[in-house]
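Content type compact mmCIF, C-alpha atoms, from the file run.txt:
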# COMPACT_ATOMS: atom_id res chain seq x y z
CA MET A 1 -3.90 -2.41 -9.35
CA ALA A 2 -6.47 -3.11 -12.03
CA GLY A 3 -8.57 -1.57 -14.73
CA ARG A 4 -12.33 -1.50 -14.44
CA ASP A 5 -13.04 -4.62 -16.49
CA VAL A 6 -9.97 -6.86 -16.32
CA HIS A 7 -7.47 -7.13 -13.52
CA ILE A 8 -4.07 -5.95 -14.72
CA PRO A 9 -1.20 -6.65 -12.32
CA VAL A 10 1.29 -3.79 -12.36
CA MET A 11 4.78 -4.46 -13.77
CA LEU A 12 4.13 -8.21 -13.78
CA ASP A 13 7.20 -9.19 -15.83
CA GLU A 14 9.45 -6.93 -13.78
CA VAL A 15 8.13 -8.41 -10.52
CA LEU A 16 8.65 -11.99 -11.69
CA GLU A 17 12.18 -11.24 -12.85
CA GLY A 18 12.97 -9.32 -9.68
CA LEU A 19 11.86 -12.16 -7.41
CA ALA A 20 14.26 -14.51 -9.22
CA LEU A 21 11.76 -17.34 -8.74
CA ARG A 22 12.94 -20.84 -7.88
CA GLU A 23 10.51 -23.58 -8.82
CA ASN A 24 10.80 -25.26 -5.41
CA GLY A 25 10.85 -21.97 -3.48
CA ARG A 26 8.58 -20.54 -0.81
CA TYR A 27 6.94 -17.20 -1.61
CA LEU A 28 4.55 -14.76 0.03
CA ASP A 29 2.22 -12.38 -1.74
CA GLY A 30 1.23 -10.13 1.15
CA THR A 31 -1.32 -8.15 -0.88
CA PHE A 32 -3.30 -10.68 -2.93
CA GLY A 33 -5.83 -8.20 -4.32
CA ARG A 34 -7.38 -10.08 -7.23
CA GLY A 35 -4.44 -12.41 -7.66
CA GLY A 36 -2.75 -11.31 -10.87
CA HIS A 37 0.76 -11.49 -9.45
CA ALA A 38 -0.03 -14.53 -7.30
CA ARG A 39 -1.29 -16.65 -10.17
CA ALA A 40 1.75 -15.80 -12.27
CA ILE A 41 4.07 -16.80 -9.41
CA LEU A 42 2.15 -20.04 -8.84
CA ALA A 43 2.43 -20.94 -12.53
CA ARG A 44 6.22 -20.97 -12.14
CA LEU A 45 6.33 -23.20 -9.06
CA SER A 46 6.73 -26.96 -9.06
CA ASP A 47 4.67 -29.32 -6.95
CA ALA A 48 7.26 -28.79 -4.20
CA GLY A 49 6.92 -25.00 -4.23
CA ARG A 50 4.73 -23.07 -1.80
CA LEU A 51 2.81 -19.84 -2.15
CA PHE A 52 1.45 -18.04 0.91
CA LEU A 53 -1.23 -15.41 0.39
CA MET A 54 -2.37 -12.60 2.67
CA ASP A 55 -4.80 -9.74 2.33
CA ARG A 56 -6.61 -7.60 4.87
CA ASP A 57 -9.62 -7.21 2.59
CA PRO A 58 -12.20 -10.00 3.09
CA ALA A 59 -13.37 -9.55 -0.52
CA ALA A 60 -9.86 -10.33 -1.77
CA ILE A 61 -9.61 -13.40 0.46
CA ALA A 62 -12.96 -14.60 -0.90
CA VAL A 63 -11.53 -14.43 -4.42
CA ALA A 64 -8.44 -16.34 -3.31
CA GLU A 65 -10.52 -19.01 -1.58
CA ALA A 66 -12.73 -19.46 -4.63
CA GLY A 67 -9.86 -19.75 -7.09
CA LEU A 68 -6.80 -21.09 -5.29
CA ALA A 69 -7.74 -22.68 -1.97
CA THR A 70 -7.84 -26.21 -3.41
CA ASP A 71 -4.24 -26.01 -4.66
CA PRO A 72 -2.09 -27.91 -2.13
CA ARG A 73 0.77 -25.47 -2.73
CA VAL A 74 -1.30 -22.51 -1.49
CA SER A 75 -1.98 -21.27 2.05
CA LEU A 76 -4.27 -18.31 2.83
CA ARG A 77 -4.53 -15.87 5.71
CA HIS A 78 -6.96 -12.99 6.17
CA ASP A 79 -4.79 -10.35 7.80
CA ASN A 80 -2.63 -7.29 7.27
CA PHE A 81 0.78 -8.16 5.78
CA ALA A 82 2.27 -6.24 8.72
CA THR A 83 1.48 -9.34 10.83
CA MET A 84 3.33 -11.80 8.58
CA GLY A 85 5.81 -12.42 11.37
CA ASP A 86 3.00 -13.92 13.46
CA TRP A 87 2.04 -16.52 10.84
CA SER A 88 3.50 -19.81 12.05
CA ALA A 89 3.36 -21.30 8.54
CA LEU A 90 6.14 -18.91 7.50
CA GLU A 91 8.58 -19.96 10.20
CA GLY A 92 10.49 -22.08 7.68
CA GLY A 93 11.60 -18.91 5.89
CA LEU A 94 10.79 -17.46 2.49
CA ASP A 95 12.62 -17.11 -0.81
CA GLY A 96 10.63 -14.10 -1.91
CA ILE A 97 8.06 -11.59 -0.69
CA LEU A 98 5.88 -9.30 -2.79
CA LEU A 99 4.05 -6.26 -1.43
CA ASP A 100 1.83 -4.27 -3.80
CA LEU A 101 0.99 -1.31 -1.59
CA GLY A 102 -1.95 1.06 -1.39
CA VAL A 103 -5.56 0.78 -2.44
CA SER A 104 -6.45 -1.76 -5.14
CA SER A 105 -8.48 -1.04 -8.24
CA PRO A 106 -11.34 -3.33 -7.15
CA GLN A 107 -11.55 -1.29 -3.95
CA LEU A 108 -11.59 1.97 -5.91
CA ASP A 109 -14.13 0.69 -8.42
CA ASP A 110 -16.58 -0.52 -5.78
CA ALA A 111 -18.30 2.74 -4.86
CA SER A 112 -19.76 1.22 -1.70
CA ARG A 113 -16.28 1.00 -0.18
CA GLY A 114 -16.03 4.79 0.01
CA PHE A 115 -12.51 5.16 -1.36
CA SER A 116 -13.42 7.29 -4.36
CA PHE A 117 -14.88 10.75 -4.79
CA MET A 118 -16.11 9.77 -8.26
CA ALA A 119 -19.41 8.41 -6.90
CA ASP A 120 -21.46 9.25 -3.83
CA ALA A 121 -21.25 6.47 -1.24
CA PRO A 122 -20.83 5.87 2.49
CA LEU A 123 -17.55 7.41 3.68
CA ASP A 124 -15.85 4.21 4.84
CA MET A 125 -12.36 3.70 3.31
CA ARG A 126 -11.45 0.67 5.44
CA MET A 127 -9.48 -1.99 3.58
CA ASP A 128 -10.60 -4.50 6.19
CA THR A 129 -14.32 -3.95 6.60
CA THR A 130 -14.47 -6.30 9.59
CA ARG A 131 -12.56 -4.03 11.96
CA GLY A 132 -11.33 -0.52 12.63
CA VAL A 133 -12.77 2.98 12.42
CA SER A 134 -14.23 4.31 9.18
CA ALA A 135 -13.29 7.67 7.68
CA ALA A 136 -16.70 9.05 8.67
CA GLU A 137 -16.15 7.97 12.28
CA PHE A 138 -12.68 9.50 12.32
CA LEU A 139 -13.99 12.83 11.03
CA ALA A 140 -16.80 12.77 13.58
CA ASP A 141 -14.50 12.29 16.58
CA ALA A 142 -11.10 13.85 15.78
CA ASP A 143 -10.42 17.42 16.80
CA GLU A 144 -9.61 20.11 14.26
CA ALA A 145 -5.85 20.02 14.87
CA GLU A 146 -5.66 16.26 14.35
CA ILE A 147 -7.65 16.40 11.13
CA ALA A 148 -5.41 19.16 9.81
CA GLN A 149 -2.30 17.21 10.77
CA VAL A 150 -3.53 14.09 8.97
CA LEU A 151 -4.33 16.03 5.80
CA TRP A 152 -0.93 17.72 5.84
CA THR A 153 1.17 14.68 6.79
CA PHE A 154 -0.47 12.02 4.65
CA GLY A 155 -1.90 14.13 1.82
CA GLU A 156 0.60 16.99 1.68
CA GLU A 157 -2.50 19.19 1.45
CA ARG A 158 -1.46 22.84 1.83
CA PHE A 159 -5.03 23.86 2.64
CA SER A 160 -5.22 21.31 5.46
CA ARG A 161 -6.15 23.79 8.18
CA ARG A 162 -8.84 25.41 6.07
CA ILE A 163 -10.38 22.04 5.23
CA ALA A 164 -10.20 20.84 8.84
CA LYS A 165 -11.95 23.97 10.06
CA ALA A 166 -14.70 23.54 7.48
CA ILE A 167 -15.17 19.88 8.47
CA VAL A 168 -15.54 20.76 12.14
CA GLU A 169 -17.96 23.58 11.38
CA ARG A 170 -20.02 21.32 9.12
CA ARG A 171 -20.24 18.42 11.56
CA ALA A 172 -21.62 20.75 14.25
CA SER A 173 -24.91 20.69 12.37
CA ALA A 174 -24.72 17.25 10.73
CA PRO A 175 -22.07 14.50 10.51
CA ILE A 176 -20.22 14.00 7.22
CA THR A 177 -21.11 10.46 6.21
CA ARG A 178 -20.93 10.46 2.39
CA THR A 179 -18.04 10.73 -0.07
CA GLY A 180 -19.97 13.29 -2.09
CA GLU A 181 -20.45 15.55 0.91
CA LEU A 182 -16.75 15.52 1.72
CA ALA A 183 -15.67 16.05 -1.89
CA GLU A 184 -17.98 19.05 -2.24
CA LEU A 185 -16.78 20.57 1.03
CA VAL A 186 -13.12 20.21 0.02
CA ALA A 187 -13.80 21.65 -3.44
CA ARG A 188 -15.30 24.76 -1.85
CA CYS A 189 -12.22 25.14 0.38
CA VAL A 190 -9.59 24.46 -2.25
CA GLY A 191 -11.00 25.29 -5.67
CA ARG A 192 -9.59 23.63 -8.78
CA ARG A 193 -5.93 24.58 -8.48
CA GLU A 194 -4.50 21.58 -10.37
CA PRO A 195 -5.83 21.02 -13.90
CA GLY A 196 -7.01 17.45 -14.43
CA LYS A 197 -6.90 16.63 -10.72
CA ASN A 198 -9.92 16.55 -8.44
CA PRO A 199 -9.42 19.01 -5.55
CA ALA A 200 -10.40 16.26 -3.07
CA THR A 201 -7.60 13.92 -4.20
CA ARG A 202 -5.15 14.78 -1.43
CA THR A 203 -7.79 14.76 1.30
CA PHE A 204 -9.11 11.35 0.29
CA GLN A 205 -5.58 9.93 0.10
CA ALA A 206 -4.73 11.28 3.54
CA LEU A 207 -7.85 9.90 5.20
CA ARG A 208 -7.39 6.51 3.57
CA ILE A 209 -3.81 6.27 4.81
CA ARG A 210 -4.86 7.32 8.32
CA VAL A 211 -7.88 5.00 8.53
CA ASN A 212 -5.84 2.00 7.40
CA ALA A 213 -2.59 2.93 9.21
CA GLU A 214 -0.88 2.28 5.89
CA LEU A 215 2.56 3.71 6.59
CA GLU A 216 2.77 1.94 9.94
CA SER A 217 1.83 -1.28 8.17
CA VAL A 218 4.58 -0.77 5.61
CA GLU A 219 7.18 -0.17 8.31
CA ARG A 220 6.12 -3.23 10.33
CA GLY A 221 5.81 -5.38 7.22
CA LEU A 222 9.28 -4.51 5.96
CA GLU A 223 10.84 -5.35 9.31
CA ALA A 224 9.01 -8.69 9.42
CA ALA A 225 9.93 -9.44 5.81
CA LEU A 226 13.63 -8.92 6.52
CA GLU A 227 13.49 -11.50 9.31
CA LEU A 228 11.50 -14.05 7.28
CA LEU A 229 13.58 -13.94 4.10
CA ASN A 230 16.16 -16.65 3.58
CA VAL A 231 19.66 -15.62 2.54
CA GLY A 232 19.45 -14.77 -1.15
CA GLY A 233 15.69 -14.22 -0.91
CA ARG A 234 14.19 -11.27 -2.71
CA LEU A 235 11.87 -8.51 -1.50
CA ALA A 236 9.80 -6.75 -4.18
CA VAL A 237 7.70 -3.73 -3.22
CA ILE A 238 5.43 -1.69 -5.48
CA SER A 239 4.53 1.79 -4.19
CA PHE A 240 2.05 4.28 -5.59
CA HIS A 241 2.85 7.51 -3.79
CA SER A 242 5.95 9.25 -2.52
CA LEU A 243 5.32 8.59 1.18
CA GLU A 244 5.26 4.82 0.62
CA ASP A 245 8.22 4.82 -1.74
CA ARG A 246 10.29 6.97 0.60
CA THR A 247 9.64 4.52 3.44
CA VAL A 248 10.72 1.56 1.29
CA LYS A 249 13.78 3.35 -0.08
CA GLN A 250 14.94 4.41 3.38
CA PHE A 251 14.39 0.92 4.79
CA ILE A 252 16.56 -0.70 2.13
CA ARG A 253 19.22 1.98 2.48
CA GLY A 254 19.17 1.61 6.27
CA HIS A 255 20.09 -2.07 5.96
CA GLU A 256 22.75 -1.74 3.26
CA GLY A 257 25.54 -1.35 5.81
CA ARG A 258 26.38 2.20 4.78
CA VAL A 259 28.08 4.64 7.12
CA GLN A 260 25.29 6.90 8.37
CA GLY A 261 25.72 10.58 9.05
CA SER A 262 25.27 14.11 7.76
CA ARG A 263 27.14 17.36 7.38
CA ARG A 264 25.74 18.48 10.74
CA GLY A 265 27.19 15.68 12.82
CA PRO A 266 29.83 12.97 12.94
CA PRO A 267 29.30 9.78 10.92
CA VAL A 268 27.58 6.88 12.68
CA ALA A 269 29.21 3.48 12.47
CA ALA A 270 27.76 1.32 9.72
CA LYS A 271 25.43 -1.49 10.70
CA THR A 272 25.98 -5.00 9.41
CA ALA A 273 24.68 -5.15 5.87
CA ARG A 274 21.52 -7.25 5.66
CA LEU A 275 20.05 -6.11 2.33
CA LYS A 276 21.37 -5.05 -1.03
CA PRO A 277 19.28 -3.25 -3.64
CA VAL A 278 18.86 -5.11 -6.90
CA GLY A 279 19.22 -2.47 -9.58
CA LYS A 280 17.55 0.91 -9.42
CA ALA A 281 13.92 1.84 -8.95
CA ILE A 282 11.78 0.47 -11.78
CA PHE A 283 8.91 2.34 -13.39
CA PRO A 284 6.19 1.09 -15.74
CA SER A 285 6.84 1.38 -19.46
CA ASP A 286 4.97 3.82 -21.65
CA ALA A 287 3.11 0.87 -23.16
CA GLU A 288 1.95 -0.31 -19.72
CA VAL A 289 0.80 3.15 -18.68
CA SER A 290 -1.12 3.42 -21.94
CA ALA A 291 -2.82 0.07 -21.33
CA ASN A 292 -3.35 0.67 -17.60
CA PRO A 293 -3.27 4.38 -16.70
CA ARG A 294 -3.47 3.60 -12.97
CA SER A 295 0.06 2.18 -13.17
CA ARG A 296 1.53 5.59 -14.02
CA SER A 297 2.58 6.42 -10.43
CA ALA A 298 3.95 2.96 -9.61
CA VAL A 299 7.53 2.43 -8.41
CA LEU A 300 9.04 -1.03 -7.95
CA ARG A 301 12.03 -1.58 -5.66
CA ILE A 302 13.78 -4.90 -5.22
CA ALA A 303 16.29 -5.95 -2.58
CA GLU A 304 18.09 -9.19 -1.73
CA LYS A 305 18.70 -10.61 1.75
CA LEU A 306 22.36 -10.95 2.63
CA ALA A 307 23.99 -13.44 4.98
Using the file provided, produce a representation of the structure as structure tokens.
Amino acid sequence: MAGRDVHIPVMLDEVLEGLALRENGRYLDGTFGRGGHARAILARLSDAGRLFLMDRDPAAIAVAEAGLATDPRVSLRHDNFATMGDWSALEGGLDGILLDLGVSSPQLDDASRGFSFMADAPLDMRMDTTRGVSAAEFLADADEAEIAQVLWTFGEERFSRRIAKAIVERRASAPITRTGELAELVARCVGRREPGKNPATRTFQALRIRVNAELESVERGLEAALELLNVGGRLAVISFHSLEDRTVKQFIRGHEGRVQGSRRGPPVAAKTARLKPVGKAIFPSDAEVSANPRSRSAVLRIAEKLA
């Protein structure tokens, strides 16, 4: 994530320490963004080290190509990190993988991308503008029940049904194609129930997650990362909302080798341990939040691949 003028990688020191970088190691930054984390990792690698970069956003890949493509230690791929297992260059294994989840600050700050309700713009929200269905197209085609389910599941919006009904009624006369239109519609449905928080926040989050299949990408990416990591390799994941963090936490816990079960049923035999958490969840310091307010909701989890 970044501020409006200068890119500020979130919890940079904590990420670098958590990855336990080896100068000759092989590392993947699956969410290049504007390269704050990637450049810091590269600065710690020797000539024998390798850094692999992925991003689904063509604008991010353009930045990587302009600044890092000539470095022989760097390889680039325009794709969702969920597909890392399909990248043949990674078949030799990795010593560390970083995933900085969610929407990036450059994406938020570019009004034309349609992620933000702060400026009126086309209602797009796609991280990869070369493929997929935009938020406007989703709202034009989905039925009322599906829209409500998306808002409830991915935005935890308690007025999801009311908003969905209003969207369907509105599109009967004219499609909703602008961020401003949607934000105004939601505000009329919800009102300002949370001081300091735009009433459209949950709706925009939910649509963004749905349009980009973000949680599915996280699940697929974590599974692929586990297979690609070498023994002793580190996985570092930064999340920005509870749905992402819960997915990461449960994935690590599911591969710790714990006995699974609950009070309602018998325990399930433990699986072979493949990951161990490295410390507890890490949060940005007060000083970092003061310097970069967008880091305030960040959570960093680190795990190590076991034999």
Subject >> Nearest candidate to Pro58 (chain A) (options A:Thr177, A:Ser134, A:Ser297, A:Asn80; using only C-alpha atoms) >> reply: A:Asn80
Find the residues around Phe283 (chain A) up to 12 Å (all atoms listed in the file counted), leave out those fewer than 5 positions away in its own chain, and share them as a short mmCIF file (atom, residue, chain, number, x, y, z; two decimals) with C-alpha atoms, in the coordinates of the input.
data_model
loop_
_atom_site.label_atom_id
_atom_site.label_comp_id
_atom_site.auth_asym_id
_atom_site.auth_seq_id
_atom_site.Cartn_x
_atom_site.Cartn_y
_atom_site.Cartn_z
CA VAL A 10 1.29 -3.79 -12.36
CA MET A 11 4.78 -4.46 -13.77
CA LEU A 12 4.13 -8.21 -13.78
CA ASP A 13 7.20 -9.19 -15.83
CA GLU A 14 9.45 -6.93 -13.78
CA VAL A 15 8.13 -8.41 -10.52
CA VAL A 237 7.70 -3.73 -3.22
CA ILE A 238 5.43 -1.69 -5.48
CA SER A 239 4.53 1.79 -4.19
CA PHE A 240 2.05 4.28 -5.59
CA ASP A 245 8.22 4.82 -1.74
CA GLU A 288 1.95 -0.31 -19.72
CA VAL A 289 0.80 3.15 -18.68
CA SER A 295 0.06 2.18 -13.17
CA ARG A 296 1.53 5.59 -14.02
CA SER A 297 2.58 6.42 -10.43
CA ALA A 298 3.95 2.96 -9.61
CA VAL A 299 7.53 2.43 -8.41
CA LEU A 300 9.04 -1.03 -7.95
CA ARG A 301 12.03 -1.58 -5.66
CA ILE A 302 13.78 -4.90 -5.22
#
Subject >> Selection: 12 Å around region 183-185 of chain A, only C-alpha atoms, excl. self and same-chain fewer than 4 positions, as a PyMOL selection string >> reply: chain A and resi 114-121+123+162-171+176-179+189-192+198-205
**OP:** Quick one: everything within 8 Å of Arg44 (chain A), counting only C-alpha atoms, minus sequence neighbours fewer than 2 positions away in the same chain. Send it as a count of residues only.
**Re:** 7
Subject >> Point (11.5, -20.6, -3.0) neighbourhood (7 Å, all atoms listed in the file) written as a ChimeraX atom specification >> reply: /A:21-27,49,94-96
Subject >> Contacts of Glu214 (chain A) at 10 Å (only C-alpha atoms; same-chain gap of 6+ positions) as a list in words >> reply: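 Contacts, with the query itself left out: Asn80, Ala82, Leu101, Gly102, Val103, Met127, Phe154, Arg208, Arg220 and Glu244 of chain A.
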Original post:
Suppose you want the space between CA of Ala148 (chain A) and CA of Phe251 (chain A); what is it in Å?
Top reply: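 Between these atoms lies a distance of 27.4 Å.
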**OP:** Report the distance between CA of Trp87 (chain A) and CA of Lys271 (chain A) in Å, rounded to one decimal place.
**Re:**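 Separating CA of Trp87 (chain A) from CA of Lys271 (chain A) is a distance of 27.8 Å.
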Subject >> Cut-off 8 Å around (21.1, -1.8, 3.2) with only C-alpha atoms: residues as JSON, numbers by chain >> reply: {"A": [251, 252, 253, 254, 255, 256, 257, 258, 273, 274, 275, 276, 277]}
Subject >> Atom pair CA of Pro293 (chain A) / CA of Leu243 (chain A): separation (Å) >> reply: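 One can read the CA of Pro293 (chain A) to CA of Leu243 (chain A) distance as 20.3 Å.
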Provide an axis-aligned box for all listed atoms of region 89-102 of chain A, padding each side by 6 Å; report its centre and its edge lengths in Å to one decimal, as JSON.
{"center_x": 5.3, "center_y": -10.5, "center_z": 3.2, "size_x": 26.6, "size_y": 35.1, "size_z": 26.0}
Original post:
Counting all atoms listed in the file, which of A:Asn212, A:Ser285, A:Thr31, A:Ser290 gets nearest to Arg131 (chain A)?
Top reply: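 Checking each candidate against Arg131 (chain A), we get A:Asn212 as the closest.
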Original post:
Between A:Arg34, A:Ala140, A:Leu98, A:Ala206, which one has atoms that come closest to Gly18 (chain A), using all atoms listed in the file?
Top reply: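 Counting all atoms listed in the file, the residue closest to Gly18 (chain A) is A:Leu98.
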**OP:** Could you give me, as a list of chain:residue names, the residues within 9 Å of region 61-70 of chain A, counting all atoms listed in the file and dropping anything in the same chain fewer than 4 positions from it?
**Re:** A:Phe32, A:Gly33, A:Arg34, A:Gly35, A:Arg39, A:Leu53, A:Met54, A:Asp55, A:Arg56, A:Asp57, A:Val74, A:Ser75, A:Leu76, A:Arg77, A:His78
Original post:
Quick one: of A:Arg294, A:Arg50, A:Lys305, A:Arg161, who's nearest to Gly232 (chain A), counting only C-alpha atoms?
Top reply: A:Lys305
As a PDB file, in the frame of the given file, please: region 201-212 of chain A completed to N, CA and C atoms.
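Result file result_14.pdb:
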ATOM      1  N   THR A 201      -8.536  15.041  -4.086  1.00  0.00           N
ATOM      2  CA  THR A 201      -7.600  13.920  -4.200  1.00  0.00           C
ATOM      3  C   THR A 201      -6.713  13.766  -2.972  1.00  0.00           C
ATOM      4  N   ARG A 202      -6.090  14.854  -2.546  1.00  0.00           N
ATOM      5  CA  ARG A 202      -5.150  14.780  -1.430  1.00  0.00           C
ATOM      6  C   ARG A 202      -5.853  14.467  -0.113  1.00  0.00           C
ATOM      7  N   THR A 203      -7.029  15.022   0.075  1.00  0.00           N
ATOM      8  CA  THR A 203      -7.790  14.760   1.300  1.00  0.00           C
ATOM      9  C   THR A 203      -8.200  13.298   1.384  1.00  0.00           C
ATOM     10  N   PHE A 204      -8.694  12.749   0.289  1.00  0.00           N
ATOM     11  CA  PHE A 204      -9.110  11.350   0.290  1.00  0.00           C
ATOM     12  C   PHE A 204      -7.913  10.429   0.507  1.00  0.00           C
ATOM     13  N   GLN A 205      -6.784  10.736  -0.114  1.00  0.00           N
ATOM     14  CA  GLN A 205      -5.580   9.930   0.100  1.00  0.00           C
ATOM     15  C   GLN A 205      -5.178   9.951   1.571  1.00  0.00           C
ATOM     16  N   ALA A 206      -5.165  11.135   2.152  1.00  0.00           N
ATOM     17  CA  ALA A 206      -4.730  11.280   3.540  1.00  0.00           C
ATOM     18  C   ALA A 206      -5.627  10.503   4.496  1.00  0.00           C
ATOM     19  N   LEU A 207      -6.926  10.609   4.316  1.00  0.00           N
ATOM     20  CA  LEU A 207      -7.850   9.900   5.200  1.00  0.00           C
ATOM     21  C   LEU A 207      -7.718   8.400   5.041  1.00  0.00           C
ATOM     22  N   ARG A 208      -7.561   7.945   3.807  1.00  0.00           N
ATOM     23  CA  ARG A 208      -7.390   6.510   3.570  1.00  0.00           C
ATOM     24  C   ARG A 208      -6.151   5.975   4.269  1.00  0.00           C
ATOM     25  N   ILE A 209      -5.053   6.705   4.163  1.00  0.00           N
ATOM     26  CA  ILE A 209      -3.810   6.270   4.810  1.00  0.00           C
ATOM     27  C   ILE A 209      -3.975   6.245   6.321  1.00  0.00           C
ATOM     28  N   ARG A 210      -4.651   7.263   6.869  1.00  0.00           N
ATOM     29  CA  ARG A 210      -4.860   7.320   8.320  1.00  0.00           C
ATOM     30  C   ARG A 210      -5.785   6.207   8.798  1.00  0.00           C
ATOM     31  N   VAL A 211      -6.898   6.006   8.121  1.00  0.00           N
ATOM     32  CA  VAL A 211      -7.880   5.000   8.530  1.00  0.00           C
ATOM     33  C   VAL A 211      -7.269   3.596   8.520  1.00  0.00           C
ATOM     34  N   ASN A 212      -6.411   3.328   7.548  1.00  0.00           N
ATOM     35  CA  ASN A 212      -5.840   2.000   7.400  1.00  0.00           C
ATOM     36  C   ASN A 212      -4.431   1.861   7.982  1.00  0.00           C
TER      37      ASN A 212
END
